[in-house]
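A short write-up of the structure that comes next.
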Amino acid sequence: MNNSKPSIIIADDHPLLLKGLSDFLLEKGYNLLGSGTDGREAYNLITQKKPDIAILDIQMPYMSGIEIAQQCKGANISTKIVLITLHKEKELYQKAKELNIFGYILKEFALEEIENCIKTVKEGSPFFSEKIKEFIGVVQAEVSELDTLTPSEKKILKLIAQDKTNKEIASQLFISYRTVEKHRSNIITKLKIEPKTNSLLIWAKEHHDKLL
């Protein structure tokens, strides 16, 4: 690629987000070759227009951004894939890295990161949003804190996530109400949760997938 602006296609199944990104790129003078509203359109644009960079929503009808990246890799298409996502799952992030995806940015920070991302990718280097790395670092810390809980505490946390009261938990686990209270207190300390009203319930609901 020379010093001119790279050629780009974009795809997102949310019309407002697609328009916002399109307007932004055109305003900044980028060479926008086309835009698609689903994965199939996006893949066709890539194969027909052969852009330098494709900026894709990770979840779209017909084909996801990850599936498009897999197809491009299999077909030896040199277009560099940048994924824009609402998703902060570690698995998707790892998958993107495995597929040599060149960029991975969060939708909520897309406009503030996109220029830097395009510049970095154009120069042949991957751009993975610091915001995602920060989030995944936080998630890993949370998972390791979960590992400090005893099996009984994990069981109680799962029941809290299911909206069970202390009384119901005590009855279900054949322990006293006061033992449940003590376990709750220990869980709050170990997970470094602020001891506010319902703070443990909120935490348990937000992280219930890690309690399975």
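Naming works like this for the structure tokens: A, B, ... for the chains as they're shown, residue 1 at the start of each chain, ligands 1 onward in shown order.
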
List the spatial neighbours of segment 39-49 of chain A as a list in words - criterion: any atom at most 8 Å away, only C-alpha atoms, same-chain residues fewer than 6 positions off excluded.
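Near neighbours after the sequence-gap exclusion: Ile9, Ile10, Ala11, Leu33, Leu56, Met60, Pro61, Tyr62, Met63, Ser64, Gly65, Ile68, Ile77 and Thr79 of chain A.
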
For the selection just defined, write its residues with N, CA, C and O atoms to a file, as an mmCIF file, in the first residue's frame.
data_model
loop_
_atom_site.group_PDB
_atom_site.id
_atom_site.type_symbol
_atom_site.label_atom_id
_atom_site.label_comp_id
_atom_site.auth_asym_id
_atom_site.auth_seq_id
_atom_site.Cartn_x
_atom_site.Cartn_y
_atom_site.Cartn_z
ATOM 1 N N ILE A 9 -14.152 -1.201 2.644
ATOM 2 C CA ILE A 9 -15.600 -1.473 2.618
ATOM 3 C C ILE A 9 -16.032 -1.639 4.076
ATOM 4 O O ILE A 9 -15.232 -2.025 4.933
ATOM 5 N N ILE A 10 -17.298 -1.329 4.355
ATOM 6 C CA ILE A 10 -17.822 -1.466 5.718
ATOM 7 C C ILE A 10 -19.131 -2.251 5.690
ATOM 8 O O ILE A 10 -19.839 -2.249 4.676
ATOM 9 N N ALA A 11 -19.430 -2.926 6.777
ATOM 10 C CA ALA A 11 -20.704 -3.662 6.862
ATOM 11 C C ALA A 11 -21.183 -3.715 8.303
ATOM 12 O O ALA A 11 -20.405 -3.971 9.218
ATOM 13 N N LEU A 33 -15.304 2.139 -0.753
ATOM 14 C CA LEU A 33 -15.749 1.498 -1.999
ATOM 15 C C LEU A 33 -17.193 0.999 -1.939
ATOM 16 O O LEU A 33 -17.812 0.757 -2.959
ATOM 17 N N LEU A 56 -15.950 -4.659 9.658
ATOM 18 C CA LEU A 56 -17.176 -5.460 9.751
ATOM 19 C C LEU A 56 -17.698 -5.562 11.173
ATOM 20 O O LEU A 56 -16.923 -5.711 12.116
ATOM 21 N N MET A 60 -23.636 -10.424 12.219
ATOM 22 C CA MET A 60 -24.558 -9.965 11.167
ATOM 23 C C MET A 60 -25.337 -11.159 10.641
ATOM 24 O O MET A 60 -24.892 -12.301 10.797
ATOM 25 N N PRO A 61 -26.489 -10.911 9.995
ATOM 26 C CA PRO A 61 -27.226 -12.023 9.382
ATOM 27 C C PRO A 61 -26.392 -12.698 8.291
ATOM 28 O O PRO A 61 -25.528 -12.068 7.694
ATOM 29 N N TYR A 62 -26.671 -13.959 8.046
ATOM 30 C CA TYR A 62 -26.059 -14.807 7.009
ATOM 31 C C TYR A 62 -24.618 -15.217 7.299
ATOM 32 O O TYR A 62 -24.284 -16.387 7.256
ATOM 33 N N MET A 63 -23.748 -14.242 7.573
ATOM 34 C CA MET A 63 -22.354 -14.567 7.909
ATOM 35 C C MET A 63 -21.869 -13.588 8.966
ATOM 36 O O MET A 63 -22.100 -12.388 8.844
ATOM 37 N N SER A 64 -21.192 -14.110 9.969
ATOM 38 C CA SER A 64 -20.634 -13.214 10.996
ATOM 39 C C SER A 64 -19.290 -12.674 10.505
ATOM 40 O O SER A 64 -18.700 -13.207 9.556
ATOM 41 N N GLY A 65 -18.792 -11.646 11.173
ATOM 42 C CA GLY A 65 -17.481 -11.101 10.839
ATOM 43 C C GLY A 65 -16.395 -12.159 10.942
ATOM 44 O O GLY A 65 -15.483 -12.226 10.116
ATOM 45 N N ILE A 68 -16.635 -14.479 7.911
ATOM 46 C CA ILE A 68 -16.083 -13.800 6.729
ATOM 47 C C ILE A 68 -14.556 -13.866 6.770
ATOM 48 O O ILE A 68 -13.897 -14.162 5.770
ATOM 49 N N ILE A 77 -7.537 -14.270 0.374
ATOM 50 C CA ILE A 77 -7.872 -12.873 0.046
ATOM 51 C C ILE A 77 -7.048 -11.979 0.975
ATOM 52 O O ILE A 77 -7.016 -12.188 2.183
ATOM 53 N N THR A 79 -7.381 -8.825 1.784
ATOM 54 C CA THR A 79 -8.070 -7.748 2.519
ATOM 55 C C THR A 79 -7.860 -7.937 4.020
ATOM 56 O O THR A 79 -8.034 -9.035 4.551
#

Test item: residues at most 9 Å from Arg178 of chain A, only C-alpha atoms, excluding those fewer than 5 positions along its chain, as an NGL selection string
:A and (166 or 170 or 183)

Take the residues just selected and output them with N, CA and C atoms as a PDB file, in the first residue's frame.
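Just written: selection-v5.pdb:
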ATOM      1  N   ASN A 166     -31.986 -15.480  51.540  1.00  0.00           N
ATOM      2  CA  ASN A 166     -31.145 -16.196  52.519  1.00  0.00           C
ATOM      3  C   ASN A 166     -31.908 -17.372  53.130  1.00  0.00           C
ATOM      4  N   ALA A 170     -30.826 -21.224  52.878  1.00  0.00           N
ATOM      5  CA  ALA A 170     -30.607 -22.011  54.101  1.00  0.00           C
ATOM      6  C   ALA A 170     -31.408 -23.314  54.043  1.00  0.00           C
ATOM      7  N   HIS A 183     -21.464 -16.755  55.051  1.00  0.00           N
ATOM      8  CA  HIS A 183     -20.931 -17.046  53.715  1.00  0.00           C
ATOM      9  C   HIS A 183     -21.034 -15.808  52.808  1.00  0.00           C
TER      10      HIS A 183
END

For Leu173 of chain A, work out the shell of residues within 9 Å, counting only C-alpha atoms and skipping chain neighbours fewer than 5 positions away, then give it as a list in words.
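Contacts, with the query itself left out: Lys155, Ile156 and Glu168 of chain A.
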
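For the set A:Ile132, A:Ala110, A:Leu201, A:Ala54, the residue with the smallest atom-to-atom gap to Leu17 of chain A is A:Ala110, counting only C-alpha atoms.
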
Which value, in Å to one decimal, gives the distance between atom CA of Ile55 of chain A and atom CA of Ala69 of chain A?
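One can read the atom CA of Ile55 of chain A to atom CA of Ala69 of chain A distance as 10.9 Å.
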
I'd like the contact shell of segment 204-207 of chain A - 12 Å cut-off, only C-alpha atoms, skipping same-chain residues fewer than 2 positions apart - returned as a PyMOL selection string.
chain A and resi 139+142-143+146+153-164+184+187-188+191+193+198-202+209-212

As a PyMOL selection string, list the residues of segment 39-147 of chain A assigned to alpha helix (DSSP H) by DSSP on the backbone atoms of this structure.
chain A and resi 39-49+65-74+90-98+110-122+130-146

Would you write out those residues with C-alpha atoms, as a PDB file, in the first residue's frame?
ATOM      1  CA  GLY A  39     -22.482 -10.767   6.086  1.00  0.00           C
ATOM      2  CA  ARG A  40     -23.258 -12.036   2.594  1.00  0.00           C
ATOM      3  CA  GLU A  41     -23.193  -8.524   1.134  1.00  0.00           C
ATOM      4  CA  ALA A  42     -19.949  -7.840   2.982  1.00  0.00           C
ATOM      5  CA  TYR A  43     -18.240 -10.974   1.653  1.00  0.00           C
ATOM      6  CA  ASN A  44     -19.409 -10.225  -1.913  1.00  0.00           C
ATOM      7  CA  LEU A  45     -18.056  -6.672  -1.626  1.00  0.00           C
ATOM      8  CA  ILE A  46     -14.697  -8.031  -0.453  1.00  0.00           C
ATOM      9  CA  THR A  47     -14.429 -10.564  -3.305  1.00  0.00           C
ATOM     10  CA  GLN A  48     -15.596  -8.074  -5.979  1.00  0.00           C
ATOM     11  CA  LYS A  49     -13.907  -4.835  -4.865  1.00  0.00           C
ATOM     12  CA  GLY A  65     -17.481 -11.101  10.839  1.00  0.00           C
ATOM     13  CA  ILE A  66     -15.540 -14.130  12.145  1.00  0.00           C
ATOM     14  CA  GLU A  67     -16.985 -16.384   9.387  1.00  0.00           C
ATOM     15  CA  ILE A  68     -16.083 -13.800   6.729  1.00  0.00           C
ATOM     16  CA  ALA A  69     -12.533 -13.675   8.101  1.00  0.00           C
ATOM     17  CA  GLN A  70     -12.365 -17.499   7.924  1.00  0.00           C
ATOM     18  CA  GLN A  71     -13.578 -17.487   4.297  1.00  0.00           C
ATOM     19  CA  CYS A  72     -11.093 -14.771   3.326  1.00  0.00           C
ATOM     20  CA  LYS A  73      -8.263 -16.677   4.962  1.00  0.00           C
ATOM     21  CA  GLY A  74      -9.289 -19.890   3.176  1.00  0.00           C
ATOM     22  CA  LYS A  90     -12.455 -13.377  25.751  1.00  0.00           C
ATOM     23  CA  GLU A  91     -13.242 -16.332  23.410  1.00  0.00           C
ATOM     24  CA  LEU A  92     -14.157 -14.038  20.486  1.00  0.00           C
ATOM     25  CA  TYR A  93     -11.067 -11.939  21.087  1.00  0.00           C
ATOM     26  CA  GLN A  94      -8.870 -15.078  21.064  1.00  0.00           C
ATOM     27  CA  LYS A  95     -10.622 -16.357  17.918  1.00  0.00           C
ATOM     28  CA  ALA A  96      -9.964 -13.032  16.180  1.00  0.00           C
ATOM     29  CA  LYS A  97      -6.275 -13.270  17.073  1.00  0.00           C
ATOM     30  CA  GLU A  98      -6.071 -16.863  15.786  1.00  0.00           C
ATOM     31  CA  ALA A 110     -15.370   2.941  17.376  1.00  0.00           C
ATOM     32  CA  LEU A 111     -15.265   6.544  16.165  1.00  0.00           C
ATOM     33  CA  GLU A 112     -12.526   7.569  18.569  1.00  0.00           C
ATOM     34  CA  GLU A 113     -10.374   4.533  17.676  1.00  0.00           C
ATOM     35  CA  ILE A 114     -11.124   3.935  13.991  1.00  0.00           C
ATOM     36  CA  GLU A 115      -8.601   6.379  12.500  1.00  0.00           C
ATOM     37  CA  ASN A 116      -5.770   5.079  14.617  1.00  0.00           C
ATOM     38  CA  CYS A 117      -6.882   1.539  13.769  1.00  0.00           C
ATOM     39  CA  ILE A 118      -6.913   2.184   9.983  1.00  0.00           C
ATOM     40  CA  LYS A 119      -3.503   3.888  10.120  1.00  0.00           C
ATOM     41  CA  THR A 120      -1.980   0.996  12.108  1.00  0.00           C
ATOM     42  CA  VAL A 121      -3.575  -1.690   9.906  1.00  0.00           C
ATOM     43  CA  LYS A 122      -2.529   0.133   6.701  1.00  0.00           C
ATOM     44  CA  GLU A 130      -6.812  -1.111  24.498  1.00  0.00           C
ATOM     45  CA  LYS A 131     -10.368  -0.925  25.881  1.00  0.00           C
ATOM     46  CA  ILE A 132     -10.874  -4.634  25.120  1.00  0.00           C
ATOM     47  CA  LYS A 133      -7.495  -5.575  26.578  1.00  0.00           C
ATOM     48  CA  GLU A 134      -8.375  -3.614  29.740  1.00  0.00           C
ATOM     49  CA  PHE A 135     -11.759  -5.337  29.963  1.00  0.00           C
ATOM     50  CA  ILE A 136     -10.305  -8.817  29.425  1.00  0.00           C
ATOM     51  CA  GLY A 137      -7.681  -8.082  32.083  1.00  0.00           C
ATOM     52  CA  VAL A 138     -10.512  -7.167  34.489  1.00  0.00           C
ATOM     53  CA  VAL A 139     -12.455 -10.323  33.573  1.00  0.00           C
ATOM     54  CA  GLN A 140      -9.392 -12.506  34.164  1.00  0.00           C
ATOM     55  CA  ALA A 141      -8.932 -10.868  37.560  1.00  0.00           C
ATOM     56  CA  GLU A 142     -12.596 -11.567  38.380  1.00  0.00           C
ATOM     57  CA  VAL A 143     -12.253 -15.207  37.358  1.00  0.00           C
ATOM     58  CA  SER A 144      -9.162 -15.668  39.537  1.00  0.00           C
ATOM     59  CA  GLU A 145     -11.039 -14.060  42.465  1.00  0.00           C
ATOM     60  CA  LEU A 146     -13.867 -16.554  41.901  1.00  0.00           C
TER      61      LEU A 146
END

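Take atom CA of Asp13 of chain A and atom CA of Gln59 of chain A: the distance between them is 8.2 Å.
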
What does the structure give for the distance between atom CA of Ser125 of chain A and atom CA of Tyr104 of chain A, in Å to one decimal?
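Distance between the two atoms: 12.2 Å.
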
Give the strand (DSSP E or B) residues of segment 20-160 of chain A, as assigned by DSSP on the backbone, as a ChimeraX atom specification.
/A:31-36,53-57,80-85,103-106,127-128
